[in-house]
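Colleague: The structure follows.
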Amino acid sequence: MNLMIPKIFLSMLLPLTLFAQDSLLTADEAVRIALAHNFDIRIGQADAEVAHLNNTKANAGMLPTINLVAGDNFTVSAFQQQLANGNEFNELGAVFNTVNAGVQLGWTLFDGRVMYITKDRLDAQEQQGILNLQAVVQNSTAAVLQTYYGIAASRQQERSIEEVIALNEERLRIAEARLAAGFATQPDALQARIDLNRQRGDLLAQQNTTRTAKRALNRLLARDPETPFSVVEELDNLYAPDREALLGGLQTANPELLSLQMSEQIAAYQVGEAEGRRKLRLTTNSTLNALRTDNTSGFLLNNTQSGLTLGLGLVYPLYDGGLLKSRADAARVGAERAALQTEARKLELTAALDNQLSDYQTQQAILAYEEENVGNARESLNISTERFRLGQTNSLEVQQAQSTFEQTLGRRNLVRFNLKQAEVQLRLLAGQL
């Protein structure tokens, strides 16, 4: 029976232990949540939807307009009328009522192809809205990944500090044991305790950094800032960037650059619209109308009319003070400006890509040295600690070895994080997120 008690308690405690652990959030899962709930993405979706709704033939002026019109005019007045045959009509407070109703149609038949150019512009603006949404999605994805890897790097730094704390606790135990045996002085133990307290303070500060980063990620995921979760703490170094592939992605898949190119196309359409307004415009109008007039006085007591009216209108601008010409010239300047902006931004993004690629390759080389340094520093610290235990050296050597080990751990963790940051930026520039 006594042997069963630990198993019973274990079965009761195991669910509680699992419940207390934060749920694991992977990087892919974080991105998936952001794509569904991130506020910037949802705003970008609304902007793209507006561009889609605006892209209609009616908005381009290609379809007719049909209106139902109706009116009723009621008049009370003093009335006096004398006819040629000598009859007279005189009445104070005579009532006149005119009722009309009709259906009016207006349609532009030809406007120098402006309506077709406008439709092309609306198509381009809708496509640009999609590209802008893609840019928001990729930027949000990059922000999520960078924040996620920041949490992982912070947790790695916590583990490094915890490792140093464990080593310093061993150093303190050795110093106190040597002090009790009369082989060491009080300052050795005091210095070990001072270093231990400093490291414990560093751990508290690092844990707070982790909590702050988690709140930032929860905000990007549009959920409660205090939602608990854990992350995959390993920062892999498997990415192998290729400059030619990255440049190809920059030119063909980077949504920011593609959106600028679309702005250039939209500006060209605006030039066509401005020049088309200087050409002949032909319109048609039609009215199906019914009219009735009632008089309480006079020779004509009521009048009813109905019928269909058809008309054509021709407009050709002869003189407007140069307004249409100046608008066309301004549109051409705008198109040139859009082309310059595209080329300038393309050069900026290419330079940014090369800088990130160079940084990534440099950090990769540095990481190899730092990994070796960590191994060497750990071995040196172990040797110094053992020598201190055997009384073959003083605490200053151990303190120096411990400080070197702590610094190498911090540098290695920082390089790992820098590599992931550079990887995300390269993938963002190449439109691969």
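Every chain in the structure tokens has a letter given in the order shown (A, B, ...), and although residue numbers restart at 1 in each chain, ligands are simply numbered from 1 in the order shown.
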Which residues are near stretch 187-192 of chain A? Cut-off 10 Å, only C-alpha atoms, ignore same chain within fewer than 6 positions. Put them as an MDAnalysis selection string.

Modeller: chainID A and resid 168:179 198 394:396 398:399

Colleague: A:Asp22: which residues within 7 Å, counting only C-alpha atoms, same-chain residues fewer than 2 positions away excluded, as an mmCIF file with C-alpha atoms, in the first residue's frame?

Modeller:
```cif
data_model
loop_
_atom_site.group_PDB
_atom_site.id
_atom_site.type_symbol
_atom_site.label_atom_id
_atom_site.label_comp_id
_atom_site.auth_asym_id
_atom_site.auth_seq_id
_atom_site.Cartn_x
_atom_site.Cartn_y
_atom_site.Cartn_z
ATOM 1 C CA ALA A 20 0.875 25.449 -14.880
ATOM 2 C CA LEU A 24 4.085 26.671 -26.516
ATOM 3 C CA PRO A 228 0.830 33.546 -21.133
ATOM 4 C CA PHE A 229 2.888 31.543 -23.607
ATOM 5 C CA SER A 230 6.341 30.111 -24.120
#
```

Colleague: For A:Leu409, please output as a VMD selection string all residues within 8 Å (counting only C-alpha atoms; exclusion window: fewer than 6 positions along the same chain).

Modeller: chain A and resid 157 160 374

Colleague: So that I can check the secondary structure, give me every residue of stretch 130-326 of chain A assigned helix (DSSP H, G or I) by backbone DSSP, as a PyMOL selection string.

Modeller: chain A and resi 130-181+186-220+243-253+255-276+323-326

Colleague: Save the residues we just selected, C-alpha atoms, as a compact mmCIF listing (two decimals), in the first residue's frame?

Modeller:
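Saved the output as selection_8.txt:
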```
# COMPACT_ATOMS: atom_id res chain seq x y z
CA ILE A 130 -3.77 44.47 -53.12
CA LEU A 131 -0.02 45.18 -53.26
CA ASN A 132 -0.27 47.61 -50.35
CA LEU A 133 -2.11 44.94 -48.36
CA GLN A 134 0.65 42.46 -49.20
CA ALA A 135 3.20 44.99 -47.95
CA VAL A 136 1.29 45.40 -44.68
CA VAL A 137 1.07 41.62 -44.31
CA GLN A 138 4.80 41.16 -44.90
CA ASN A 139 5.79 44.03 -42.62
CA SER A 140 3.50 42.70 -39.88
CA THR A 141 4.94 39.21 -40.36
CA ALA A 142 8.47 40.61 -40.06
CA ALA A 143 7.52 42.50 -36.89
CA VAL A 144 6.02 39.33 -35.38
CA LEU A 145 9.07 37.22 -36.23
CA GLN A 146 11.54 39.81 -34.97
CA THR A 147 9.65 40.16 -31.70
CA TYR A 148 9.34 36.38 -31.39
CA TYR A 149 13.07 35.86 -31.92
CA GLY A 150 13.72 38.69 -29.48
CA ILE A 151 11.85 36.70 -26.82
CA ALA A 152 13.85 33.58 -27.69
CA ALA A 153 17.11 35.53 -27.45
CA SER A 154 16.05 36.99 -24.11
CA ARG A 155 15.28 33.50 -22.80
CA GLN A 156 18.70 32.31 -23.97
CA GLN A 157 20.28 35.17 -22.08
CA GLU A 158 18.30 34.15 -19.00
CA ARG A 159 19.66 30.61 -19.27
CA SER A 160 23.20 31.95 -19.67
CA ILE A 161 22.84 34.08 -16.56
CA GLU A 162 21.40 31.11 -14.68
CA GLU A 163 24.43 29.05 -15.72
CA VAL A 164 26.78 31.76 -14.48
CA ILE A 165 24.80 31.99 -11.22
CA ALA A 166 25.19 28.25 -10.68
CA LEU A 167 28.93 28.51 -11.26
CA ASN A 168 29.18 31.49 -8.92
CA GLU A 169 27.25 29.62 -6.23
CA GLU A 170 29.85 26.86 -6.49
CA ARG A 171 32.59 29.46 -6.22
CA LEU A 172 30.92 30.87 -3.10
CA ARG A 173 30.68 27.42 -1.53
CA ILE A 174 34.37 26.80 -2.19
CA ALA A 175 35.33 30.22 -0.80
CA GLU A 176 33.27 29.69 2.37
CA ALA A 177 34.66 26.18 2.83
CA ARG A 178 38.23 27.45 2.44
CA LEU A 179 37.44 30.30 4.82
CA ALA A 180 36.09 27.87 7.41
CA ALA A 181 39.20 25.70 7.03
CA GLN A 186 37.05 36.84 4.18
CA PRO A 187 37.28 39.09 1.06
CA ASP A 188 37.21 36.02 -1.24
CA ALA A 189 33.82 34.95 0.09
CA LEU A 190 32.51 38.53 0.17
CA GLN A 191 33.51 39.16 -3.45
CA ALA A 192 31.89 35.90 -4.54
CA ARG A 193 28.66 36.93 -2.81
CA ILE A 194 28.79 40.41 -4.36
CA ASP A 195 29.18 38.90 -7.82
CA LEU A 196 26.38 36.43 -7.13
CA ASN A 197 23.96 39.17 -6.05
CA ARG A 198 24.83 41.21 -9.14
CA GLN A 199 24.09 38.25 -11.38
CA ARG A 200 20.81 37.57 -9.61
CA GLY A 201 19.87 41.20 -10.24
CA ASP A 202 20.84 40.81 -13.90
CA LEU A 203 18.57 37.77 -14.09
CA LEU A 204 15.62 39.73 -12.68
CA ALA A 205 16.22 42.52 -15.22
CA GLN A 206 16.47 40.00 -18.07
CA GLN A 207 13.26 38.27 -16.98
CA ASN A 208 11.51 41.66 -17.05
CA THR A 209 12.86 42.23 -20.58
CA THR A 210 11.33 38.90 -21.59
CA ARG A 211 7.96 39.84 -20.09
CA THR A 212 8.01 43.19 -21.91
CA ALA A 213 8.80 41.47 -25.22
CA LYS A 214 5.96 39.00 -24.66
CA ARG A 215 3.52 41.86 -24.14
CA ALA A 216 4.74 43.43 -27.39
CA LEU A 217 4.14 40.16 -29.25
CA ASN A 218 0.68 39.76 -27.73
CA ARG A 219 -0.16 43.27 -28.94
CA LEU A 220 0.92 42.35 -32.47
CA ARG A 243 22.28 37.32 -53.62
CA GLU A 244 21.00 36.68 -57.13
CA ALA A 245 17.84 35.02 -55.85
CA LEU A 246 17.32 37.82 -53.33
CA LEU A 247 17.73 40.51 -56.00
CA GLY A 248 15.31 38.65 -58.26
CA GLY A 249 12.77 38.55 -55.46
CA LEU A 250 13.31 42.24 -54.75
CA GLN A 251 12.47 43.17 -58.33
CA THR A 252 9.56 40.78 -58.85
CA ALA A 253 8.02 40.10 -55.43
CA PRO A 255 5.25 44.58 -52.70
CA GLU A 256 6.55 48.05 -51.83
CA LEU A 257 8.54 48.29 -55.06
CA LEU A 258 5.69 46.79 -57.10
CA SER A 259 3.29 49.33 -55.57
CA LEU A 260 5.59 52.18 -56.60
CA GLN A 261 5.71 50.79 -60.14
CA MET A 262 1.92 50.68 -60.09
CA SER A 263 1.89 54.33 -58.97
CA GLU A 264 3.99 55.09 -62.04
CA GLN A 265 1.38 53.37 -64.23
CA ILE A 266 -1.48 55.20 -62.52
CA ALA A 267 0.28 58.51 -63.16
CA ALA A 268 0.52 57.60 -66.86
CA TYR A 269 -3.23 56.95 -66.94
CA GLN A 270 -3.83 60.33 -65.32
CA VAL A 271 -1.87 61.94 -68.15
CA GLY A 272 -4.15 60.20 -70.65
CA GLU A 273 -7.23 61.38 -68.77
CA ALA A 274 -6.02 64.98 -68.68
CA GLU A 275 -5.21 64.99 -72.41
CA GLY A 276 -8.52 63.28 -73.28
CA LEU A 323 -6.64 75.27 -67.67
CA LEU A 324 -6.86 71.87 -69.40
CA LYS A 325 -3.37 72.24 -70.86
CA SER A 326 -1.85 73.10 -67.50
```

Colleague: Which one is closest to A:Ala36: A:Leu221, A:Leu318, A:Val333, A:Ile383? Count only C-alpha atoms.

Modeller: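 Using only C-alpha atoms, the shortest distance to A:Ala36 belongs to A:Leu221.
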
Colleague: Excluding A:Gly313 and its own-chain neighbours fewer than 3 positions away, which residues fall within 12 Å of it when counting only C-alpha atoms? Please give them as a ChimeraX atom specification.

Modeller: /A:106-111,280-286,310,316

Colleague: Those same residues - C-alpha atoms - I'd like them written as a PDB file, in the first residue's frame.

Modeller:
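Result file is out_34.pdb:
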```pdb
ATOM      1  CA  GLY A 106     -28.009  60.788 -69.656  1.00  0.00           C
ATOM      2  CA  TRP A 107     -25.133  58.958 -71.352  1.00  0.00           C
ATOM      3  CA  THR A 108     -21.710  59.996 -72.559  1.00  0.00           C
ATOM      4  CA  LEU A 109     -21.175  58.359 -75.957  1.00  0.00           C
ATOM      5  CA  PHE A 110     -17.659  59.602 -76.628  1.00  0.00           C
ATOM      6  CA  ASP A 111     -15.215  61.610 -74.526  1.00  0.00           C
ATOM      7  CA  LEU A 280     -14.492  66.308 -78.449  1.00  0.00           C
ATOM      8  CA  ARG A 281     -17.206  64.997 -76.124  1.00  0.00           C
ATOM      9  CA  LEU A 282     -20.554  63.630 -77.377  1.00  0.00           C
ATOM     10  CA  THR A 283     -23.457  63.039 -75.023  1.00  0.00           C
ATOM     11  CA  THR A 284     -27.054  61.986 -75.363  1.00  0.00           C
ATOM     12  CA  ASN A 285     -30.016  62.712 -73.140  1.00  0.00           C
ATOM     13  CA  SER A 286     -33.562  61.426 -73.149  1.00  0.00           C
ATOM     14  CA  LEU A 310     -34.360  62.750 -77.354  1.00  0.00           C
ATOM     15  CA  TYR A 316     -15.475  70.842 -77.741  1.00  0.00           C
TER      16      TYR A 316
END
```

Colleague: Find the spatial neighbours of A:Gln364, counting only C-alpha atoms, within a cut-off of 10 Å - ignore same-chain residues fewer than 2 positions away - and output them as a ChimeraX atom specification.

Modeller: /A:237,358-362,366-370,415-416,418-419

Colleague: Those residues you just picked out, can you put them in a file as a short mmCIF file (atom, residue, chain, number, x, y, z; two decimals), in the first residue's frame with C-alpha atoms?

Modeller:
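What landed in result_14.cif:
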```cif
data_model
loop_
_atom_site.label_atom_id
_atom_site.label_comp_id
_atom_site.auth_asym_id
_atom_site.auth_seq_id
_atom_site.Cartn_x
_atom_site.Cartn_y
_atom_site.Cartn_z
CA ASN A 237 21.31 29.16 -38.17
CA SER A 358 26.90 41.61 -45.73
CA ASP A 359 25.79 41.89 -42.11
CA TYR A 360 24.41 38.35 -42.18
CA GLN A 361 27.62 36.89 -43.60
CA THR A 362 29.69 38.86 -41.08
CA ILE A 366 31.59 36.03 -35.88
CA LEU A 367 29.28 33.32 -34.52
CA ALA A 368 31.84 30.62 -35.32
CA TYR A 369 34.45 32.49 -33.28
CA GLU A 370 32.05 33.16 -30.42
CA VAL A 415 25.18 37.30 -32.53
CA ARG A 416 22.56 34.54 -32.75
CA ASN A 418 21.46 39.46 -34.97
CA LEU A 419 21.56 36.59 -37.47
#
```
